[in-house]
Structures are given as structure tokens and as C-alpha cells.
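Asker: Take this structure first; my questions come after.
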Amino acid sequence: MKFRSFLSYVSLFFISLILIDCASSIKNAPLNGRVDYQGHRGARGLKPENTWPAFEEAIQFKMITLELDTVLTKDKRIVIHHDSETNPVICQNPDGSAIKKTSLYELTLAELQALDCGSKKNPSFSEQTPVPGTKLITIEEFFQNVSEAEKKVKQKFLFNIETKFPDDGSASDSIVEEHTNLLVGAIEKAKTTDRTTIQSFDMRTLPFVQKKNPKIKTSALFAPTYSQGFLMTIGFGNGYREDILEKTKSLKANIISPYFLYVTPAFVKQAHDSQIEVIPWTVNTEKEVNRLLGCGVDGIISDYPNLLRRVADSSSR
């Protein structure tokens with residue numbers, strides 16, 4: 001998940017001044033009784049995103065859920081990667097030379113796994129530690145690695161898996177359905193159906209999941225435009241909140257996962273009244289984490305599992 005950096009900076013400024021506080025007369029609590037702390041792309045702020053080292057970091061900080069992105073390759077394998085194209089900012093050739101943006105639909109798994117996606121530090125995350133030589137992994141490799149890690153730490157994890165498609169909306173219905181069905185099949189094979197949510201900005205995914213395996217939870221993702229984000233930042237835009245709630249209801253999704261600016265006490269109450277969980281993204285400051293906890297959200301997605309663990313430990317004292 002991503003949102004334009006300009007709005008993020010503006011948002012953080014105004015949030016500290018005038019965003020509706022969650023300390024209101026409306027009191028909410030998580031529907032299932034606990035807050036679901038999720039490491040975004042594993043732990044993007046600490047290790048190379050969507051790689052096993054990032055998931056290990058999330059496991060170390062005892063996240064409840066591991067959040068990740070998936071894309072379909074040319075040879076119909078599901079690889080864990082955020083973009084539908086290769087990303088020169090975070091991946092390079094084994095010899096250190098730069099790569100070009102190329103659609104993953106045009107590359108085989110073997111070609112993708114030849115890339116080094118751990119040596120380059122993401123310039124947007126100063127705390128991130130590179131892990132040279134890190135390769136991309138498939139969804140099957142991910143589940144196998146998690147299974148082994150669970151035995152060591154004696155903790156079972158939940159999974160929030162996003163389906164990713166080209167931003168221009170060029171993915172056909174058949175591609176969306178094929179990707180979704182292959183992902184559901186991998187989840188079933190790993191015997192994690194009862195622990196997995198499939199989320200997407202491409203709402204075509206959700207009905208395909210519900211049809212293929214209704215036991216798997218679905219989550220509707222939403223990001224505001226510049227103008228919508230600004231209006232919500234200064235305390236307006238309730239119509240936008242109502243719109244995405246209605247969309248989520250129409251899709252019969254279990255969870256609504258909006259950019260954090262959408263979240264107010266009234267928004268959470270309306271969702272909870274329809275038995276819909278609220279899990280906002282991407283929340284990277286302690287102040288905003290605490291604001292959202294005050295709203296009674298059901299979970300929080302952050303690039304920094306260490307931050308979430310610190311807040312969680314403090315709130316349990």
C-alpha cells in the first residue's frame with residue numbers, strides 16, 4: 001500500500017493541530033477483544049520490504065499478523081512483491097548494476113529470484129538495514145518459512161495478503177480471478193485458511209475469494225485522493241467515509257482497511273455497527289498509533305513493528 005508523500009507530510013502537520021481527536025463521547029473497542037498489530041510488508045521500516053528478513057523482524061517483535069503483497073509472474077507463480085513491475089529503487093542485478101522497470105507478467109520466477117533485493121537501502125526509511133543478496137520468495141516458500149519459525153517462537157501468526165495489479169487498471173477479470181484462485185489454493189495447501197485475510201484495492205478480488213473459499217476473510221483497501229485527504233485532515237469529508245463504508249458493505253467484506261486519515265470515532269462505530277473490523281494503514285508515529293487506539297480500531301498496520309510492540313507493551317502495563 002502506498003500514498004503520495006506530499007499529502008503524508010501535510011497530513012502529519014495538520015493532524016498534530018486539528019484532526020478530530022478520538023477522545024470523544026463515542027467509545028469503541030475492537031470487535032474481537034484485542035488489537036491486531038500488523039507488520040507492513042513484514043517490517044519495511046527496518047529490513048528490505050516483502051523479504052524473509054523483514055518477516056523475521058516482524059516475528060521478532062511479536063506481531064500478530066504478517067502483512068504482505070503478491071504478484072503473479074509470467075509462469076503463473078505467486079511471488080511476494082509490492083509492485084506489478086520490478087522496482088529499481090530496492091532491487092538490483094547480482095553484479096550491482098541497475099535494473100529497469102519490467103512488468104512481472106513478462107518475467108519468470110527464476111528471472112525474478114536472480115535479482116538482489118536486499119543490498120539497496122530504501123532512501124525513504126533511514127532505520128532500514130540492508131541484507132545483501134536477499135532474494136524474492138514465493139507464497140509457498142513464505143508459508144514454509146513461517147511454519148518453521150512458529151515452531152521456534154511457539155506462536156501462531158495471522159496473515160494479511162494483498163493481491164497487486166497494475167495501477168492503470170489494465171488487469172483483466174481473468175487475470176484477477178486467476179491470481180486470486182492460485183493464492184487461495186496456496187493458502188489452503190498451507191492449511192492457513194482460518195488465519196488468513198485477502199485484501200485488495202482492486203475490489204474484483206473480494207468476490208472471487210468469497211466464491212472460491214468463503215472461510216477466508218476479505219478486506220477492502222481504500223486510499224483518498226489529494227483533495228479528499230486534505231479535507232479529512234482538516235476535519236471535513238464525512239461523505240468520503242460514508243462512501244467507503246457503503247462500498248465495503250456492498251462487497252460483504254469482513255474488514256475495511258483505509259488510509260488512517262479516514263478514521264474517527266464515528267467512522268469506527270458505523271463500521272462496528274455492521275460488524276466490520278477497521279484496520280487502518282500505514283501508521284508510523286506513536287502519536288497516531290495512540291490516537292487510533294483511542295478510536296477503538298481493530299488493528300493497525302505499520303512499517304515499524306518495533307513501534308507497535310513498544311506501544312502494545314506500554315498499554316498492557
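Chains: A, B, ... in order of the C-alpha cells. Residues: from 1 per chain. Ligands: from 1, in order shown.
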Where in stretch 218-251 of chain A does DSSP assign helix (DSSP H, G or I), given as a ChimeraX atom specification?

Answerer: /A:226-233,238-251

Asker: Just give me the gap between atom CA of A:Phe201 and atom CA of A:Pro48 in Å, one decimal is fine.

Answerer: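 The value is 22.8 Å.
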
Asker: What's around A:Lys62 at 10 Å? Count only C-alpha atoms, leave out sequence neighbours fewer than 5 positions away in its own chain, and write the answer as a ChimeraX atom specification.

Answerer: /A:37-39,56-57,153,155,157,305-306,308-309

Asker: Keeping only N, CA, C and O atoms, take the residues you just selected and write them out as a short mmCIF file (atom, residue, chain, number, x, y, z; two decimals), in the first residue's frame.

Answerer:
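Result file follows (part_27.cif):
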data_model
loop_
_atom_site.label_atom_id
_atom_site.label_comp_id
_atom_site.auth_asym_id
_atom_site.auth_seq_id
_atom_site.Cartn_x
_atom_site.Cartn_y
_atom_site.Cartn_z
N TYR A 37 -1.98 -6.16 15.72
CA TYR A 37 -0.80 -5.42 15.28
C TYR A 37 -0.17 -6.11 14.07
O TYR A 37 0.16 -7.29 14.14
N GLN A 38 -0.01 -5.35 12.97
CA GLN A 38 0.46 -5.93 11.72
C GLN A 38 1.72 -5.24 11.21
O GLN A 38 1.78 -4.01 11.13
N GLY A 39 2.72 -6.05 10.86
CA GLY A 39 3.95 -5.54 10.27
C GLY A 39 3.78 -5.36 8.77
O GLY A 39 3.60 -6.34 8.04
N GLU A 56 11.01 -11.91 9.36
CA GLU A 56 11.69 -12.33 10.58
C GLU A 56 11.68 -11.21 11.61
O GLU A 56 11.54 -11.46 12.82
N GLU A 57 11.85 -9.98 11.15
CA GLU A 57 11.83 -8.82 12.04
C GLU A 57 10.45 -8.68 12.70
O GLU A 57 10.33 -8.43 13.90
N VAL A 153 9.43 -20.04 17.90
CA VAL A 153 8.95 -18.99 18.80
C VAL A 153 7.68 -19.38 19.55
O VAL A 153 7.22 -18.65 20.43
N GLN A 155 4.57 -19.49 18.57
CA GLN A 155 3.49 -18.54 18.33
C GLN A 155 2.93 -18.79 16.93
O GLN A 155 3.69 -18.99 15.98
N PHE A 157 0.94 -17.26 13.75
CA PHE A 157 0.71 -15.94 13.17
C PHE A 157 -0.50 -15.92 12.25
O PHE A 157 -0.92 -16.95 11.71
N PRO A 305 7.33 -2.54 13.24
CA PRO A 305 6.86 -3.46 14.29
C PRO A 305 7.44 -3.14 15.66
O PRO A 305 6.79 -3.39 16.68
N ASN A 306 8.65 -2.57 15.69
CA ASN A 306 9.23 -2.19 16.98
C ASN A 306 8.41 -1.11 17.66
O ASN A 306 8.23 -1.11 18.89
N LEU A 308 5.10 -0.61 17.17
CA LEU A 308 3.85 -1.24 17.63
C LEU A 308 4.09 -2.06 18.89
O LEU A 308 3.25 -2.07 19.79
N ARG A 309 5.21 -2.76 18.95
CA ARG A 309 5.50 -3.59 20.13
C ARG A 309 5.69 -2.69 21.35
O ARG A 309 5.20 -3.01 22.45
#

Asker: Please list as a PyMOL selection string every residue within 12 Å of A:Pro53, counting only C-alpha atoms and excluding residues in the same chain fewer than 4 positions away.

Answerer: chain A and resi 41-49+57-60+117-118+128-137+142+145-146+149

Asker: I'd like to know which of A:Pro94, A:Leu68, A:Thr138, A:His40 is closest to A:Val283, using only C-alpha atoms.

Answerer: A:His40

Asker: Give me the residues near A:Leu261 as a PyMOL selection string, where near means some atom within 8 Å (using only C-alpha atoms) and where sequence neighbours in that chain fewer than 3 positions away do not count.

Answerer: chain A and resi 11+229+232-233+258

Asker: Set the distance at 9 Å and use only C-alpha atoms: which residues neighbour A:Ser84 once local chain neighbours fewer than 3 positions away are removed? I'd like the list as a ChimeraX atom specification.

Answerer: /A:70-72,81,87,102-105,164-167

Asker: Keeping only N, CA and C atoms, write the selected residues to a file as a short mmCIF file (atom, residue, chain, number, x, y, z; two decimals), in the first residue's frame.

Answerer:
data_model
loop_
_atom_site.label_atom_id
_atom_site.label_comp_id
_atom_site.auth_asym_id
_atom_site.auth_seq_id
_atom_site.Cartn_x
_atom_site.Cartn_y
_atom_site.Cartn_z
N THR A 70 1.33 -9.66 -3.08
CA THR A 70 1.61 -10.73 -4.03
C THR A 70 1.33 -10.30 -5.46
N VAL A 71 2.17 -10.80 -6.36
CA VAL A 71 2.03 -10.53 -7.79
C VAL A 71 2.19 -11.85 -8.54
N LEU A 72 1.53 -11.98 -9.66
CA LEU A 72 1.61 -13.18 -10.48
C LEU A 72 2.71 -13.01 -11.53
N HIS A 81 5.88 -9.45 -3.61
CA HIS A 81 6.47 -8.22 -4.15
C HIS A 81 5.37 -7.18 -4.20
N ASN A 87 11.25 -3.09 -9.22
CA ASN A 87 11.48 -1.78 -8.61
C ASN A 87 12.98 -1.49 -8.51
N THR A 102 10.23 -3.52 -15.27
CA THR A 102 9.68 -4.52 -16.18
C THR A 102 8.48 -5.16 -15.53
N SER A 103 7.41 -5.34 -16.28
CA SER A 103 6.21 -5.99 -15.75
C SER A 103 6.54 -7.39 -15.27
N LEU A 104 6.05 -7.74 -14.08
CA LEU A 104 6.27 -9.10 -13.58
C LEU A 104 5.54 -10.13 -14.44
N TYR A 105 4.53 -9.68 -15.17
CA TYR A 105 3.83 -10.60 -16.08
C TYR A 105 4.73 -11.04 -17.23
N LYS A 164 -1.92 -7.68 -5.89
CA LYS A 164 -1.48 -6.46 -6.56
C LYS A 164 -1.63 -6.60 -8.07
N PHE A 165 -2.09 -5.49 -8.70
CA PHE A 165 -2.28 -5.44 -10.14
C PHE A 165 -1.78 -4.09 -10.65
N PRO A 166 -1.57 -3.95 -11.95
CA PRO A 166 -1.10 -2.66 -12.48
C PRO A 166 -1.99 -1.51 -12.05
N ASP A 167 -1.36 -0.37 -11.71
CA ASP A 167 -2.10 0.79 -11.22
C ASP A 167 -3.05 1.37 -12.26
#

Asker: Please provide the set of residues having any atom within 6 Å of stretch 27-33 of chain A, restricted to only C-alpha atoms, with same-chain residues fewer than 3 positions apart removed, written as a list in words.

Answerer: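 So, after excluding close chain neighbours, the residues are Gly296, Val297 and Asp298 of chain A.
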
Asker: Report as a count of residues only: the residues of stretch 181-258 of chain A with a DSSP assignment of strand (DSSP E), based on the backbone of this structure.

Answerer: 15

Asker: Which of these residues is nearest to A:Leu231, using only C-alpha atoms: A:Tyr262, A:Pro123, A:Lys154, A:Ile279?

Answerer: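 Comparing A:Tyr262, A:Pro123, A:Lys154, A:Ile279 against A:Leu231, the winner is A:Tyr262.
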
Asker: What does the distance from atom CA of A:Asp303 to atom CA of A:Gly237 come to in Å, to one decimal?

Answerer: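 So the two atoms, atom CA of A:Asp303 and atom CA of A:Gly237, lie 26.4 Å apart.
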
Asker: Please report the interatomic distance between atom CA of A:Ser200 and atom CA of A:Ala223 in Å with one decimal.

Answerer: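 About the pair atom CA of A:Ser200 and atom CA of A:Ala223: they are 11.2 Å apart.
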